[in-house]
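One file, model10.pdb, carrying PDB, C-alpha atoms:
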ATOM      1  CA  MET I   1      17.583 -16.950  28.226
ATOM      2  CA  SER I   2      16.703 -13.862  26.289
ATOM      3  CA  THR I   3      13.472 -12.108  27.166
ATOM      4  CA  SER I   4      11.537  -9.849  24.887
ATOM      5  CA  LEU I   5       8.518  -7.645  25.427
ATOM      6  CA  ILE I   6       7.175  -8.460  21.969
ATOM      7  CA  ARG I   7       5.113 -11.490  22.918
ATOM      8  CA  PRO I   8       1.463 -11.829  21.986
ATOM      9  CA  ARG I   9       0.194 -13.009  25.385
ATOM     10  CA  LEU I  10       2.111 -10.316  27.252
ATOM     11  CA  LEU I  11       0.909  -7.600  24.878
ATOM     12  CA  LEU I  12      -2.663  -8.902  25.179
ATOM     13  CA  ALA I  13      -2.436  -8.889  28.979
ATOM     14  CA  LEU I  14      -1.093  -5.336  29.008
ATOM     15  CA  ALA I  15      -3.816  -4.198  26.595
ATOM     16  CA  LEU I  16      -6.502  -5.847  28.733
ATOM     17  CA  LEU I  17      -5.024  -4.223  31.829
ATOM     18  CA  GLY I  18      -5.060  -0.818  30.135
ATOM     19  CA  VAL I  19      -8.660  -1.188  28.981
ATOM     20  CA  GLY I  20      -9.752  -2.568  32.346
ATOM     21  CA  ALA I  21      -8.016   0.241  34.226
ATOM     22  CA  GLY I  22      -9.602   2.851  31.979
ATOM     23  CA  LEU I  23     -13.058   1.367  32.444
ATOM     24  CA  SER I  24     -12.449   1.026  36.185
ATOM     25  CA  VAL I  25     -11.730   4.738  36.493
ATOM     26  CA  ALA I  26     -15.062   5.463  34.818
ATOM     27  CA  ALA I  27     -16.868   2.870  36.970
ATOM     28  CA  TRP I  28     -15.415   4.086  40.274
ATOM     29  CA  ASN I  29     -16.381   7.674  39.462
ATOM     30  CA  GLY I  30     -19.984   6.709  38.721
ATOM     31  CA  PRO I  31     -22.957   6.279  41.066
ATOM     32  CA  SER I  32     -22.283   3.941  43.956
ATOM     33  CA  ASP I  33     -25.471   1.857  44.055
ATOM     34  CA  ALA I  34     -25.782   0.729  40.430
ATOM     35  CA  MET I  35     -22.079   0.220  39.765
ATOM     36  CA  LEU I  36     -21.279  -2.493  42.317
ATOM     37  CA  VAL I  37     -21.305  -5.451  39.898
ATOM     38  CA  PRO I  38     -19.344  -3.653  37.129
ATOM     39  CA  ARG I  39     -16.760  -2.591  39.703
ATOM     40  CA  VAL I  40     -16.307  -6.164  40.922
ATOM     41  CA  VAL I  41     -16.092  -7.517  37.365
ATOM     42  CA  LEU I  42     -13.570  -4.865  36.328
ATOM     43  CA  SER I  43     -11.491  -5.545  39.443
ATOM     44  CA  ILE I  44     -11.397  -9.264  38.568
ATOM     45  CA  TRP I  45     -10.584  -8.328  34.952
ATOM     46  CA  CYS I  46      -7.590  -6.221  36.034
ATOM     47  CA  LEU I  47      -6.420  -8.888  38.494
ATOM     48  CA  VAL I  48      -6.481 -11.580  35.779
ATOM     49  CA  ALA I  49      -4.633  -9.273  33.375
ATOM     50  CA  VAL I  50      -1.939  -8.616  35.984
ATOM     51  CA  LEU I  51      -1.607 -12.350  36.708
ATOM     52  CA  ILE I  52      -1.218 -13.150  32.999
ATOM     53  CA  ALA I  53       1.373 -10.389  32.571
ATOM     54  CA  VAL I  54       3.361 -11.553  35.610
ATOM     55  CA  THR I  55       3.362 -15.209  34.532
ATOM     56  CA  GLU I  56       4.432 -14.227  31.015
ATOM     57  CA  LEU I  57       7.264 -12.092  32.362
ATOM     58  CA  VAL I  58       8.424 -14.863  34.717
ATOM     59  CA  LYS I  59       8.108 -17.609  32.102
ATOM     60  CA  GLY I  60      10.356 -15.915  29.579
ATOM     61  CA  ALA I  61      10.062 -15.857  25.834
ATOM     62  CA  PRO I  62      10.838 -18.823  23.637
ATOM     63  CA  THR I  63      13.107 -18.029  20.744
ATOM     64  CA  VAL I  64      11.116 -18.171  17.553
ATOM     65  CA  ALA I  65      12.023 -17.192  14.045
ATOM     66  CA  LEU I  66       9.896 -14.429  12.597
ATOM     67  CA  SER I  67       7.758 -15.452   9.663
ATOM     68  CA  PHE I  68       5.629 -13.520   7.189
ATOM     69  CA  SER I  69       1.890 -13.741   7.657
ATOM     70  CA  PRO I  70      -0.227 -12.778   4.655
ATOM     71  CA  LEU I  71      -3.204 -11.851   6.839
ATOM     72  CA  PRO I  72      -2.337  -8.135   7.319
ATOM     73  CA  LEU I  73      -1.783  -7.781   3.570
ATOM     74  CA  LEU I  74      -5.153  -9.381   2.850
ATOM     75  CA  MET I  75      -6.850  -7.219   5.476
ATOM     76  CA  MET I  76      -5.439  -4.045   3.921
ATOM     77  CA  ALA I  77      -6.529  -5.218   0.462
ATOM     78  CA  VAL I  78     -10.085  -5.874   1.681
ATOM     79  CA  LEU I  79     -10.199  -2.425   3.277
ATOM     80  CA  ALA I  80      -8.894  -0.766   0.115
ATOM     81  CA  ALA I  81     -11.410  -2.676  -2.027
ATOM     82  CA  ALA I  82     -14.261  -1.746   0.301
ATOM     83  CA  LEU I  83     -13.322   1.926   0.156
ATOM     84  CA  ALA I  84     -12.889   1.835  -3.620
ATOM     85  CA  MET I  85     -16.277   0.176  -4.222
ATOM     86  CA  LYS I  86     -18.096   3.380  -3.415
ATOM     87  CA  HIS I  87     -16.377   5.208  -6.250
ATOM     88  CA  ILE I  88     -15.684   2.614  -8.960
ATOM     89  CA  GLY I  89     -18.264  -0.085  -8.306
ATOM     90  CA  PHE I  90     -18.072  -3.692  -7.168
ATOM     91  CA  LEU I  91     -16.468  -5.467 -10.091
ATOM     92  CA  LEU I  92     -13.277  -3.434 -10.583
ATOM     93  CA  PRO I  93     -12.027  -3.560  -6.957
ATOM     94  CA  SER I  94     -13.065  -7.182  -6.541
ATOM     95  CA  LEU I  95     -10.872  -8.375  -9.423
ATOM     96  CA  PRO I  96      -7.505  -7.527  -7.791
ATOM     97  CA  LEU I  97      -8.837  -8.632  -4.395
ATOM     98  CA  VAL I  98      -9.809 -12.063  -5.714
ATOM     99  CA  ALA I  99      -6.511 -12.320  -7.609
ATOM    100  CA  LEU I 100      -4.531 -11.497  -4.456
ATOM    101  CA  THR I 101      -6.527 -14.014  -2.439
ATOM    102  CA  LEU I 102      -5.914 -16.729  -5.028
ATOM    103  CA  TRP I 103      -2.218 -15.788  -5.152
ATOM    104  CA  LEU I 104      -2.005 -16.145  -1.372
ATOM    105  CA  PHE I 105      -3.701 -19.548  -1.710
ATOM    106  CA  ARG I 106      -0.813 -20.492  -4.023
ATOM    107  CA  VAL I 107      -2.621 -20.363  -7.353
ATOM    108  CA  ARG I 108       0.412 -19.094  -9.246
ATOM    109  CA  ARG I 109       0.004 -20.201 -12.866
ATOM    110  CA  PRO I 110      -1.191 -17.266 -14.997
ATOM    111  CA  LEU I 111      -4.043 -18.884 -16.935
ATOM    112  CA  PRO I 112      -5.810 -20.528 -13.950
ATOM    113  CA  LEU I 113      -5.259 -17.353 -11.927
ATOM    114  CA  MET I 114      -6.860 -15.139 -14.581
ATOM    115  CA  LEU I 115      -9.721 -17.545 -15.263
ATOM    116  CA  ALA I 116     -10.513 -18.108 -11.601
ATOM    117  CA  THR I 117     -10.320 -14.388 -10.844
ATOM    118  CA  THR I 118     -12.690 -13.549 -13.668
ATOM    119  CA  LEU I 119     -15.110 -16.367 -12.861
ATOM    120  CA  ILE I 120     -15.192 -15.744  -9.108
ATOM    121  CA  ALA I 121     -15.474 -11.937  -9.221
ATOM    122  CA  GLY I 122     -17.853 -11.950 -12.191
ATOM    123  CA  GLY I 123     -19.815 -14.849 -10.738
ATOM    124  CA  LEU I 124     -20.273 -13.048  -7.430
ATOM    125  CA  TRP I 125     -21.442  -9.929  -9.226
ATOM    126  CA  PHE I 126     -23.853 -11.949 -11.389
ATOM    127  CA  LEU I 127     -25.146 -13.896  -8.370
ATOM    128  CA  PHE I 128     -25.867 -10.822  -6.275
ATOM    129  CA  HIS I 129     -26.986  -8.508  -9.063
ATOM    130  CA  HIS I 130     -29.156 -10.812 -11.204
ATOM    131  CA  VAL I 131     -30.071 -13.875  -9.143
ATOM    132  CA  LEU I 132     -30.473 -12.497  -5.615
ATOM    133  CA  LEU I 133     -31.483  -9.019  -6.905
ATOM    134  CA  ILE I 134     -29.169  -7.291  -4.432
ATOM    135  CA  ARG I 135     -27.915  -4.191  -6.178
ATOM    136  CA  LEU I 136     -24.176  -3.848  -5.756
ATOM    137  CA  PRO I 137     -22.355  -0.577  -6.342
ATOM    138  CA  SER I 138     -22.165  -0.151 -10.106
ATOM    139  CA  LEU I 139     -19.460   1.267 -12.334
ATOM    140  CA  LEU I 140     -19.135   4.941 -13.139
ATOM    141  CA  THR I 141     -21.866   4.577 -15.766
ATOM    142  CA  SER I 142     -24.628   5.821 -13.431
ATOM    143  CA  GLY I 143     -26.005   2.359 -12.854
ATOM    144  CA  VAL I 144     -26.200   1.182 -16.479
ATOM    145  CA  VAL I 145     -24.066  -1.905 -15.826
TER     146      VAL I 145
END
Show how you would write the structure in this file as structure tokens.
Amino acid sequence: MSTSLIRPRLLLALALLGVGAGLSVAAWNGPSDAMLVPRVVLSIWCLVAVLIAVTELVKGAPTVALSFSPLPLLMMAVLAAALAMKHIGFLLPSLPLVALTLWLFRVRRPLPLMLATTLIAGGLWFLFHHVLLIRLPSLLTSGVV
């Protein structure tokens, strides 16, 4: 049986152990009277993290084929759109973001993709800007649009 350290539960247990150990160092160096409960909770936290890590190491890793998840791509696109909205407004960054989201939802034909992108992004802008009166970042026209 082949074992690998790239397993989500093992990585989560090691991350929890690292965070718990770091917080424990801060808790054990603090005042003694007020830190009793946090010290006990952090000790239990570290113990559970060690138990999860040990059981994952003993259990071994199942062999699984790697697959592509579109979630990191979508997360990066949302971050890029959010950063771009400050400089070029709401509508321009939201168009490629909506198009990418529809593409990931398997809307692949060009005409429905373009129509849905325009209607969703434009509809959101119209809804927030004119109906709900929530002013979104505007284009580079100093708020004319």
One decimal, in Å: what's the spacing between atom CA of Met85 of chain I and atom CA of Pro137 of chain I?
6.5 Å
Specify as an MDAnalysis selection string each residue included when the PyMOL selection byres ((chain I and resi 69-82) around 10) is applied to this file.
chainID I and resid 66:68 83:98 100:101 104:105
Can you tell me, as a PyMOL selection string, what residues are no more than 9 Å from Arg9 of chain I when counting only C-alpha atoms, ignoring any on the same chain fewer than 5 positions away?
chain I and resi 14+52-53+56
Just give me the gap between atom CA of Gly60 of chain I and atom CA of Leu11 of chain I in Å, one decimal is fine.
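If I compute the distance from atom CA of Gly60 of chain I to atom CA of Leu11 of chain I, I get 13.4 Å.
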Residue members of the PyMOL selection byres ((chain I and resi 39-47) around 12) in the file shown, as number ranges by chain:
I: 13-38, 48-54
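Distance-wise, atom CA of Val58 of chain I and atom CA of Arg7 of chain I end up 12.7 Å apart.
Residues lying at most 8 Å from (-12.9, -15.8, -6.6) in file coordinates, with all atoms listed in the file considered, are I:Val98, I:Ala99, I:Thr101, I:Leu102, I:Ala116, I:Thr117, I:Thr118, I:Leu119, I:Ile120, I:Ala121, I:Leu124.
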